[in-house]
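File shown: structure-v5.cif. Contents: mmCIF, C-alpha atoms.
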```cif
data_start
#
loop_
_atom_site.label_atom_id
_atom_site.label_comp_id
_atom_site.auth_asym_id
_atom_site.auth_seq_id
_atom_site.Cartn_x
_atom_site.Cartn_y
_atom_site.Cartn_z
CA MET T 1 0.00 0.00 0.00
CA LYS T 2 2.82 2.44 0.79
CA ASP T 3 4.22 2.46 -2.76
CA SER T 4 0.97 3.90 -4.16
CA THR T 5 0.17 6.22 -1.24
CA ILE T 6 0.47 9.99 -1.58
CA LEU T 7 -0.39 12.85 0.74
CA ARG T 8 -1.44 16.05 -0.98
CA THR T 9 -3.40 19.23 -0.48
CA ALA T 10 -7.16 18.68 -0.81
CA ARG T 11 -9.04 20.27 -3.68
CA PRO T 12 -12.28 22.23 -3.10
CA THR T 13 -14.08 19.90 -5.52
CA GLU T 14 -13.35 17.01 -3.12
CA ALA T 15 -15.46 18.43 -0.27
CA LYS T 16 -18.33 15.97 -0.76
CA THR T 17 -15.97 12.97 -1.00
CA ILE T 18 -14.17 14.07 2.17
CA SER T 19 -17.46 14.65 4.04
CA GLU T 20 -18.75 11.20 3.12
CA LEU T 21 -15.44 9.64 4.17
CA ALA T 22 -15.69 11.38 7.57
CA MET T 23 -19.20 10.02 8.10
CA ARG T 24 -18.16 6.44 7.21
CA SER T 25 -15.09 6.66 9.41
CA LYS T 26 -17.04 7.99 12.40
CA ALA T 27 -19.72 5.32 11.93
CA TYR T 28 -16.99 2.66 12.05
CA TRP T 29 -17.13 2.89 15.86
CA GLY T 30 -20.70 1.58 15.93
CA TYR T 31 -22.49 4.83 16.68
CA SER T 32 -26.26 4.88 16.27
CA SER T 33 -27.95 6.64 13.35
CA GLU T 34 -29.27 9.23 15.85
CA PHE T 35 -25.75 9.93 17.07
CA MET T 36 -24.45 10.21 13.51
CA ALA T 37 -27.24 12.64 12.60
CA ALA T 38 -26.37 14.76 15.65
CA CYS T 39 -22.75 15.17 14.60
CA ARG T 40 -23.36 15.44 10.84
CA ASP T 41 -22.92 19.24 10.69
CA GLU T 42 -19.62 18.94 12.52
CA LEU T 43 -18.33 16.39 9.99
CA VAL T 44 -19.41 18.11 6.77
CA VAL T 45 -16.59 19.71 4.82
CA THR T 46 -17.44 22.54 2.44
CA GLN T 47 -15.55 23.91 -0.54
CA ALA T 48 -15.26 27.22 1.30
CA ARG T 49 -13.53 25.55 4.25
CA ILE T 50 -11.03 23.84 1.98
CA MET T 51 -10.34 27.17 0.23
CA ASP T 52 -9.91 29.03 3.56
CA THR T 53 -6.25 30.07 3.52
CA GLN T 54 -6.06 29.81 7.32
CA ARG T 55 -6.90 26.11 7.21
CA ASP T 56 -4.94 23.15 5.91
CA TYR T 57 -6.71 20.20 4.30
CA PHE T 58 -4.62 17.25 3.16
CA VAL T 59 -5.83 13.98 1.72
CA CYS T 60 -4.24 10.56 1.64
CA GLU T 61 -4.65 8.86 -1.72
CA VAL T 62 -4.04 5.21 -2.54
CA ASP T 63 -4.09 4.32 -6.23
CA GLY T 64 -5.86 7.60 -6.98
CA VAL T 65 -8.62 7.06 -4.39
CA ILE T 66 -8.96 9.27 -1.30
CA VAL T 67 -8.76 7.01 1.76
CA GLY T 68 -8.12 9.57 4.50
CA TYR T 69 -7.70 13.23 5.31
CA PHE T 70 -6.90 15.74 7.98
CA ALA T 71 -7.96 19.34 8.57
CA MET T 72 -6.12 21.85 10.71
CA ARG T 73 -6.60 25.48 11.69
CA PRO T 74 -4.72 28.05 13.77
CA ILE T 75 -5.96 28.76 17.29
CA SER T 76 -3.17 31.15 18.23
CA GLU T 77 0.14 32.31 16.80
CA PHE T 78 1.93 29.19 18.05
CA GLU T 79 -0.88 26.63 18.26
CA ARG T 80 -2.84 24.74 15.64
CA ASP T 81 -5.93 22.60 16.11
CA LEU T 82 -6.25 19.26 14.37
CA GLU T 83 -9.91 19.68 13.46
CA ALA T 84 -10.27 16.28 11.85
CA LEU T 85 -8.34 13.16 10.96
CA PHE T 86 -10.28 10.32 9.35
CA VAL T 87 -9.40 7.14 7.48
CA GLU T 88 -11.73 4.91 5.46
CA PRO T 89 -12.82 2.01 7.70
CA GLN T 90 -11.31 -0.68 5.43
CA ASN T 91 -7.96 1.14 5.60
CA ILE T 92 -7.79 1.51 9.39
CA GLY T 93 -4.84 -0.34 10.88
CA PHE T 94 -2.45 0.03 7.93
CA GLY T 95 -0.55 3.10 9.18
CA LEU T 96 -2.40 5.73 7.15
CA GLY T 97 -3.63 7.57 10.26
CA ARG T 98 -0.07 7.74 11.54
CA ARG T 99 1.14 9.08 8.18
CA LEU T 100 -1.61 11.71 8.16
CA LEU T 101 -0.74 12.77 11.71
CA GLU T 102 2.96 12.99 10.84
CA LYS T 103 2.07 15.20 7.86
CA ALA T 104 -0.13 17.37 10.10
CA LYS T 105 2.77 17.79 12.54
CA GLU T 106 5.10 18.69 9.68
CA VAL T 107 2.68 21.27 8.24
CA ALA T 108 1.93 22.77 11.67
CA SER T 109 5.63 23.06 12.41
CA LYS T 110 6.30 24.76 9.07
CA ARG T 111 3.51 27.20 9.89
CA GLY T 112 5.39 28.15 13.07
CA ALA T 113 3.30 26.18 15.56
CA LYS T 114 4.88 24.86 18.72
CA ILE T 115 1.78 22.94 19.87
CA LEU T 116 -0.71 20.80 17.96
CA ARG T 117 -4.01 20.52 19.86
CA ILE T 118 -6.36 17.59 19.31
CA GLN T 119 -9.93 16.98 20.47
CA SER T 120 -10.33 13.24 19.99
CA ASP T 121 -13.21 10.85 19.64
CA PRO T 122 -12.95 8.57 22.71
CA ASN T 123 -12.39 5.60 20.38
CA ALA T 124 -9.34 7.29 18.83
CA ALA T 125 -7.74 8.35 22.12
CA SER T 126 -5.44 5.32 22.25
CA PHE T 127 -4.24 6.10 18.71
CA TYR T 128 -3.19 9.64 19.67
CA ALA T 129 -1.58 8.44 22.91
CA ALA T 130 0.39 5.81 20.94
CA GLN T 131 1.62 8.60 18.65
CA GLY T 132 3.05 10.51 21.62
CA ALA T 133 0.18 12.93 22.26
CA ILE T 134 -0.25 14.01 25.88
CA HIS T 135 -3.74 13.85 27.38
CA THR T 136 -4.53 17.32 28.77
CA GLY T 137 -8.15 16.91 29.89
CA ASN T 138 -11.67 16.55 28.55
CA THR T 139 -14.12 18.96 26.98
CA GLU T 140 -17.82 18.76 26.25
CA SER T 141 -18.79 17.82 22.71
CA GLY T 142 -20.15 20.59 20.53
CA SER T 143 -22.61 18.14 18.98
CA ILE T 144 -23.80 15.95 21.86
CA SER T 145 -24.65 17.60 25.18
CA GLY T 146 -23.25 15.72 28.17
CA ARG T 147 -20.66 13.84 26.10
CA PHE T 148 -17.05 14.59 26.95
CA LEU T 149 -14.14 14.22 24.56
CA PRO T 150 -10.48 13.71 25.44
CA GLU T 151 -8.10 16.50 24.54
CA PHE T 152 -4.45 16.04 23.66
CA LYS T 153 -1.44 18.10 22.70
CA ILE T 154 1.70 17.35 20.79
CA GLU T 155 4.71 19.59 21.25
CA LEU T 156 6.39 20.47 17.97
CA LEU T 157 9.72 21.84 16.89
CA ALA T 158 8.96 24.74 14.55
CA LYS T 159 11.00 24.32 11.34
CA SER T 160 10.35 27.58 9.54
CA ALA T 161 7.71 30.02 10.66
CA ARG T 162 5.06 30.78 8.04
CA GLY T 163 6.87 28.71 5.43
CA SER T 164 5.16 27.59 2.29
CA ILE T 165 3.68 24.12 2.35
CA ARG T 166 4.12 21.87 -0.66
CA SER T 167 3.03 18.33 -1.16
#
```
File written out as structure tokens:
Amino acid sequence: MKDSTILRTARPTEAKTISELAMRSKAYWGYSSEFMAACRDELVVTQARIMDTQRDYFVCEVDGVIVGYFAMRPISEFERDLEALFVEPQNIGFGLGRRLLEKAKEVASKRGAKILRIQSDPNAASFYAAQGAIHTGNTESGSISGRFLPEFKIELLAKSARGSIRS
């Protein structure tokens, strides 16, 4: 799989594909249809969001098919928020999530970030911990009242502040 895998900047025309991927990936954890409906707005990616110059959207492609993506935005001069990281269910467990996270760390560092913040689905918490993220607490979900999500941070070494990002 690695020989045919590329990470590249997402295109605005891929918003629907990315949104559908996020829904399938979230549903992988066995959530009910009611739960999925409640978090739908949070998972939808629009063309405008992809075109937002403050955000970074990267996709993971295998043999020309998008099988994962991440989205990231600044939350302060030296911190970025990993808004999303999803992998197609049939591709979970093959290292694509790790590759996406490594790319996110690289991009954040090139943008001058020292900290990458992550609000995780509880089912993905062990993934982030295994990648060296430090659990910093829990926060209430924006989609489901009374549901709390683990928060993590990864400390980065900034490579070149505000550098251009190429894929």
Report task. Pick out the closest residue to Arg147 (chain T) from this set: T:Ile118, T:Arg73, T:Ala38, T:Ile6. Count all atoms listed in the file. Result ->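 Among the listed residues, the smallest separation from Arg147 (chain T) belongs to T:Ala38.
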Requested in this report: Name every residue that the PyMOL selection byres ((chain T and resi 28) around 10) selects in this structure, writing the answer as a VMD selection string with chains first and numbers rising.
Outcome: chain T and resid 22 to 27 29 to 31 87 to 90 92 123
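Omitting Gln131 (chain T) and its sequence neighbours fewer than 2 positions away, and counting only C-alpha atoms, the residues within 12 Å are Gly95, Gly97, Arg98, Arg99, Leu100, Leu101, Glu102, Lys105, Ala124, Ala125, Ser126, Phe127, Tyr128, Ala129, Ala133, Ile134, His135, Phe152, Lys153, Ile154 and Glu155 of chain T.
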Query - Residues matched by the PyMOL selection byres ((chain T and resi 82) around 7) as JSON, numbers by chain - result: {"T": [71, 72, 73, 80, 81, 83, 84, 116, 117, 118]}
Okay, now the selection with C-alpha atoms, as a compact mmCIF listing (two decimals), in the coordinates of the input?
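Writing the result to out06.txt gives the following:
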```
# COMPACT_ATOMS: atom_id res chain seq x y z
CA ALA T 71 -7.96 19.34 8.57
CA MET T 72 -6.12 21.85 10.71
CA ARG T 73 -6.60 25.48 11.69
CA ARG T 80 -2.84 24.74 15.64
CA ASP T 81 -5.93 22.60 16.11
CA GLU T 83 -9.91 19.68 13.46
CA ALA T 84 -10.27 16.28 11.85
CA LEU T 116 -0.71 20.80 17.96
CA ARG T 117 -4.01 20.52 19.86
CA ILE T 118 -6.36 17.59 19.31
```
Hits from the PyMOL selection byres ((chain T and resi 43) around 7), listed as a PDB file with C-alpha atoms, in the frame of the given file:
```
ATOM      1  CA  SER T  19     -17.460  14.650   4.040  1.00  0.00           C
ATOM      2  CA  ALA T  22     -15.690  11.380   7.570  1.00  0.00           C
ATOM      3  CA  MET T  23     -19.200  10.020   8.100  1.00  0.00           C
ATOM      4  CA  CYS T  39     -22.750  15.170  14.600  1.00  0.00           C
ATOM      5  CA  ARG T  40     -23.360  15.440  10.840  1.00  0.00           C
ATOM      6  CA  ASP T  41     -22.920  19.240  10.690  1.00  0.00           C
ATOM      7  CA  GLU T  42     -19.620  18.940  12.520  1.00  0.00           C
ATOM      8  CA  VAL T  44     -19.410  18.110   6.770  1.00  0.00           C
ATOM      9  CA  VAL T  45     -16.590  19.710   4.820  1.00  0.00           C
TER      10      VAL T  45
END
```
Report task. Write out as a PyMOL selection string the residues lying within 6 Å of Asn138 (chain T), counting all atoms listed in the file and excluding same-chain residues fewer than 5 positions away. Result -> chain T and resi 148-151
Report task. Counting only C-alpha atoms, select every polymer residue within 10 Å of (-2.6, 15.7, -6.3) as defined in the file's coordinates, and provide the selection as a list of chain:residue names. Result ->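 Final list of nearby residues, as requested, is T:Ile6, T:Leu7, T:Arg8, T:Thr9, T:Ala10, T:Arg11, T:Phe58, T:Val59, T:Cys60, T:Glu61, T:Gly64, T:Ser167.
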Requested in this report: Tell me, in Å to one decimal, how far CA of Ser145 (chain T) is from CA of Pro122 (chain T).
Outcome: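 Going from CA of Ser145 (chain T) over to CA of Pro122 (chain T) covers 15.0 Å.
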Query raised in the report: To one decimal place, how far is CA of Gly68 (chain T) from CA of Gly146 (chain T) in Å?
Result: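 Pair CA of Gly68 (chain T) / CA of Gly146 (chain T) returns 28.8 Å.
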Requested in this report: Provide the CA of Ile75 (chain T) to CA of Thr17 (chain T) distance in Å, to one decimal place.
Outcome: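 So the two atoms, CA of Ile75 (chain T) and CA of Thr17 (chain T), lie 26.2 Å apart.
Proximity to Val107 (chain T) was assessed for T:Leu157, T:Ala15, T:Ala48, T:Ala130 counting all atoms listed in the file; the smallest distance is recorded for T:Leu157.
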Query raised in the report: Nearest to Leu85 (chain T) among T:Ser120, T:Ser33, T:Ser109, T:Thr53, with distances taken over only C-alpha atoms: which residue is it?
Result: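 Using only C-alpha atoms, Leu85 (chain T) sits closest to T:Ser120.
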Query raised in the report: Out of T:Glu140, T:Glu79, T:Asp121, T:Glu14, which residue has the shortest atom-to-atom distance to Val65 (chain T) when counting only C-alpha atoms?
Result: T:Glu14
